[in-house]
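Engineer: Mind looking over this structure? Questions follow.
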Amino acid sequence: TGTINYNHTALFYCTGAGLGSVVGGGVTGVLTKGDSTLTFTTTPSVVAGDLITVRNTIDYSWQGTKDYNKQGEFCVVKSIAGNVVTLQSKLLDTYPSTATINVVSTTTNSIRNLKILMNNTQVTTYPAIKIVYGRSVVVENVIINEMSSRGISFNNVYRGSIKNVVTSKSTNDTVEESNGVLITSSQHCHVTDCLLQAQSHGISITGGDDVVSRFNSITHSHISSNALWAVDLGHGSQEYCSARFNTISNGVQMGGQHNECTDNIIYQGASTGN
């Protein structure tokens with residue numbers, strides 16, 4: 001019990017070291033969708049189980065509406081033989097020979113059983129909880145009342161879980177990015193059994209500079225917003241993401257490719273027309 005004042009990054013901030021140096025001096029040629037091996041110009045410094053990114057760092061390379069919509073994905077190393085790395089799964093995209101491969105140093109910290117009461121008169125763009133470059137991280141049994149901006153932010157997270165979380169904001173504010181949950185540039189993150197309410201979006205799933213957001217889901221939750229779409233899948237750099245079996249108050253925005261919104265109860269917003 002007590003008061004924590006913050007004005008930098010987040011109230012609870014967990015991060016890995018992020019992208020390391022380029023692996024193996026680069027690849028020897030074009031990487032084709034469906035490939036499960038990478039051939040490098042020199043022997044790569046990776047081991048089985050390492051998390052790596054495969055990226056095309058050219059702006060607009062995945063989707064043409066925003067410069068940060070770049071090709072990229074997380075992969076896990078299965079084995080190494082000489083200059084050849086075998087992946088646990090097949091590539092989801094085709095990349096030029098200039099593709100950049102990096103090992104990702106991640107945090108595995110998790111946050112559980114916590115109640116955060118924030119100051120609703122404080123204007124800030126910093127979230128209550130932010131996890132960057134995480135792997136197998138969990139946020140569970142957390143209540144965040146009177147968010148000043150975002151409640152929970154996952155950025156560059158591979159296999160994350162948000163469960164039994166409540167976010168709320170009783171007063172309108174001018175912070176554009178007031179989201180209950182924000183998931184960016186992440187893969188295989190799952191949100192379930194939550195009550196998410198915010199000014200802009202109850203939940204927003206979008207891409208970023210490193211990887212396309214893929215295979216993220218929101219299920220069995222109640223999601224609402226005061227101003228914009230309660231569920232935001234509309235920024236273009238997401239694929240194979242889904243919203244299922246939720247109650248959604250204030251509509252859904254869809255974009256990207258191969259995303260799914262099914263088996264939900266959806267209410268139109270009274271004032272926004274969403």
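All residue names refer to the structure tokens as shown: chains lettered A, B, ... in order, residues numbered from 1 in each chain, ligands numbered from 1 in order.
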I'd like the neighbourhood of Gly16 of chain A as a ChimeraX atom specification, where a residue qualifies if any of its atoms comes within 12 Å (using only C-alpha atoms), though same-chain residues fewer than 3 positions away should be ignored.
Structural biologist: /A:13,19-20,103-109,130-135,137,155-158
Engineer: Arg112 of chain A: which residues within 6 Å, counting only C-alpha atoms, same-chain residues fewer than 2 positions away excluded, as a PyMOL selection string?
Structural biologist: chain A and resi 114+139-141
Engineer: For N, CA, C and O atoms, I'd like the residues from the last selection saved as a tab-separated table (two decimals), in the first residue's frame.
Structural biologist:
```
chain	number	residue	atom	x	y	z
A	114	LEU	N	-2.08	-7.74	-8.58
A	114	LEU	CA	-1.70	-6.36	-8.35
A	114	LEU	C	-2.91	-5.45	-8.61
A	114	LEU	O	-3.68	-5.68	-9.54
A	139	VAL	N	0.81	-11.35	-17.56
A	139	VAL	CA	0.19	-10.35	-16.69
A	139	VAL	C	-1.17	-10.92	-16.29
A	139	VAL	O	-2.02	-11.14	-17.14
A	140	GLU	N	-1.36	-11.15	-14.99
A	140	GLU	CA	-2.54	-11.91	-14.55
A	140	GLU	C	-3.06	-11.36	-13.22
A	140	GLU	O	-2.28	-10.96	-12.35
A	141	ASN	N	-4.38	-11.32	-13.11
A	141	ASN	CA	-5.03	-10.85	-11.88
A	141	ASN	C	-4.57	-9.44	-11.51
A	141	ASN	O	-4.09	-9.18	-10.40
```
Engineer: Any chance you could list, as JSON, numbers by chain, the residues in segment 78-206 of chain A that come up strand (DSSP E or B) when DSSP is run on the backbone?
Structural biologist: {"A": [78, 79, 80, 81, 84, 85, 86, 87, 95, 100, 101, 102, 103, 104, 105, 107, 111, 112, 113, 114, 115, 116, 117, 129, 130, 131, 132, 133, 134, 135, 136, 137, 138, 139, 140, 141, 142, 143, 144, 145, 152, 153, 154, 155, 156, 157, 158, 159, 160, 161, 162, 163, 164, 165, 166, 167, 168, 179, 180, 181, 182, 183, 184, 187, 188, 189, 190, 191, 192, 195, 196, 197, 198, 201, 202, 203, 204, 205, 206]}
Engineer: Using only C-alpha atoms, which protein or nucleic acid residues come within 10 Å of Asp50 of chain A? Drop anything in the same chain fewer than 4 positions from it, and give the result as a list in words.
Structural biologist: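 Returned residues: Val46, Cys75, Val76, Val77, Lys78, Ser79, Leu87, Val103, Val104 and Ser105 of chain A.
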Engineer: Can those selected residues be exported to a file as a PDB file, in the first residue's frame so that it contains N, CA and C atoms?
Structural biologist:
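Result written to part_10.pdb:
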```pdb
ATOM      1  N   VAL A  46      24.335 -18.761 -33.017  1.00  0.00           N
ATOM      2  CA  VAL A  46      23.041 -19.052 -32.402  1.00  0.00           C
ATOM      3  C   VAL A  46      23.051 -20.481 -31.881  1.00  0.00           C
ATOM      4  N   CYS A  75      11.093 -16.035 -35.111  1.00  0.00           N
ATOM      5  CA  CYS A  75      11.321 -17.457 -35.383  1.00  0.00           C
ATOM      6  C   CYS A  75      12.142 -18.044 -34.234  1.00  0.00           C
ATOM      7  N   VAL A  76      12.001 -19.339 -34.031  1.00  0.00           N
ATOM      8  CA  VAL A  76      12.777 -20.036 -33.001  1.00  0.00           C
ATOM      9  C   VAL A  76      13.707 -21.034 -33.690  1.00  0.00           C
ATOM     10  N   VAL A  77      14.974 -21.027 -33.277  1.00  0.00           N
ATOM     11  CA  VAL A  77      15.974 -21.914 -33.872  1.00  0.00           C
ATOM     12  C   VAL A  77      15.752 -23.348 -33.395  1.00  0.00           C
ATOM     13  N   LYS A  78      15.683 -24.279 -34.345  1.00  0.00           N
ATOM     14  CA  LYS A  78      15.545 -25.700 -34.025  1.00  0.00           C
ATOM     15  C   LYS A  78      16.911 -26.379 -33.952  1.00  0.00           C
ATOM     16  N   SER A  79      17.759 -26.099 -34.952  1.00  0.00           N
ATOM     17  CA  SER A  79      19.087 -26.736 -34.984  1.00  0.00           C
ATOM     18  C   SER A  79      20.012 -25.944 -35.892  1.00  0.00           C
ATOM     19  N   LEU A  87      14.682 -23.830 -38.639  1.00  0.00           N
ATOM     20  CA  LEU A  87      13.722 -23.186 -37.764  1.00  0.00           C
ATOM     21  C   LEU A  87      12.669 -24.173 -37.277  1.00  0.00           C
ATOM     22  N   VAL A 103      19.440 -12.067 -33.262  1.00  0.00           N
ATOM     23  CA  VAL A 103      19.025 -12.782 -32.058  1.00  0.00           C
ATOM     24  C   VAL A 103      18.349 -11.780 -31.124  1.00  0.00           C
ATOM     25  N   VAL A 104      17.268 -12.213 -30.471  1.00  0.00           N
ATOM     26  CA  VAL A 104      16.530 -11.329 -29.570  1.00  0.00           C
ATOM     27  C   VAL A 104      16.807 -11.734 -28.127  1.00  0.00           C
ATOM     28  N   SER A 105      17.280 -10.785 -27.346  1.00  0.00           N
ATOM     29  CA  SER A 105      17.480 -11.005 -25.911  1.00  0.00           C
ATOM     30  C   SER A 105      16.217 -10.549 -25.193  1.00  0.00           C
TER      31      SER A 105
END
```
Engineer: With only C-alpha atoms as the atoms that count, which of A:Ser136, A:Ser148, A:Gln187, A:Ser217 lies nearest to Lys169 of chain A?
Structural biologist: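 Closest to Lys169 of chain A, using only C-alpha atoms: A:Ser148.
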Engineer: Residues near Lys90 of chain A, anyone? I mean within 9 Å using only C-alpha atoms, not counting same-chain ones fewer than 3 positions away, as a VMD selection string.
Structural biologist: chain A and resid 33 to 37 75 87
Engineer: Kindly export the residues of the current selection with N, CA and C atoms, as a JSON list (two decimals), in the first residue's frame.
Structural biologist:
```
[["chain", "number", "residue", "atom", "x", "y", "z"],
["A", 33, "LYS", "N", 8.77, -17.68, -48.64],
["A", 33, "LYS", "CA", 7.68, -18.10, -47.75],
["A", 33, "LYS", "C", 7.54, -19.62, -47.78],
["A", 34, "GLY", "N", 7.48, -20.23, -46.61],
["A", 34, "GLY", "CA", 7.41, -21.69, -46.52],
["A", 34, "GLY", "C", 8.75, -22.35, -46.26],
["A", 35, "ASP", "N", 9.86, -21.62, -46.43],
["A", 35, "ASP", "CA", 11.18, -22.16, -46.10],
["A", 35, "ASP", "C", 11.29, -22.38, -44.59],
["A", 36, "SER", "N", 12.04, -23.39, -44.21],
["A", 36, "SER", "CA", 12.29, -23.62, -42.78],
["A", 36, "SER", "C", 13.78, -23.62, -42.47],
["A", 37, "THR", "N", 14.60, -23.21, -43.44],
["A", 37, "THR", "CA", 16.04, -23.10, -43.21],
["A", 37, "THR", "C", 16.54, -21.73, -43.67],
["A", 75, "CYS", "N", 11.09, -16.03, -35.11],
["A", 75, "CYS", "CA", 11.32, -17.46, -35.38],
["A", 75, "CYS", "C", 12.14, -18.04, -34.23],
["A", 87, "LEU", "N", 14.68, -23.83, -38.64],
["A", 87, "LEU", "CA", 13.72, -23.19, -37.76],
["A", 87, "LEU", "C", 12.67, -24.17, -37.28]]
```
Engineer: Which is closer to Ile58 of chain A than all the others in A:Thr32, A:Thr98, A:Thr42, A:Ser161, using only C-alpha atoms?
Structural biologist: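 Closest to Ile58 of chain A of all the choices is A:Thr98.
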Engineer: Looking at only C-alpha atoms, which of A:Ser221, A:Leu228, A:Val165, A:Ser237 is the one that sits closest to Ser186 of chain A?
Structural biologist: A:Ser237
Engineer: Can you work out which one of A:Ser110, A:Thr219, A:Thr100, A:Asn145 has the shortest atom-to-atom distance to Asp193 of chain A, counting only C-alpha atoms?
Structural biologist: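 Checking each candidate against Asp193 of chain A, we get A:Thr219 as the closest.
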Engineer: So, counting only C-alpha atoms, which residue among A:Phe40, A:Trp229, A:Tyr68, A:Trp62 is closest to Tyr267 of chain A?
Structural biologist: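 Smallest separation from Tyr267 of chain A among the options: A:Trp229.
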Engineer: Choose the residue, out of A:Gly180, A:Gly151, A:Gly26, A:Gly208, that has the smallest atom-to-atom separation from Lys70 of chain A; count only C-alpha atoms.
Structural biologist: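 Checking each candidate against Lys70 of chain A, we get A:Gly208 as the closest.
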Engineer: What's the 7 Å shell around Val252 of chain A, counting only C-alpha atoms, without same-chain residues fewer than 6 positions away, as a list in words?
Structural biologist: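 Here the answer would be Trp229, Ala230, Val231 and Asp232 of chain A.
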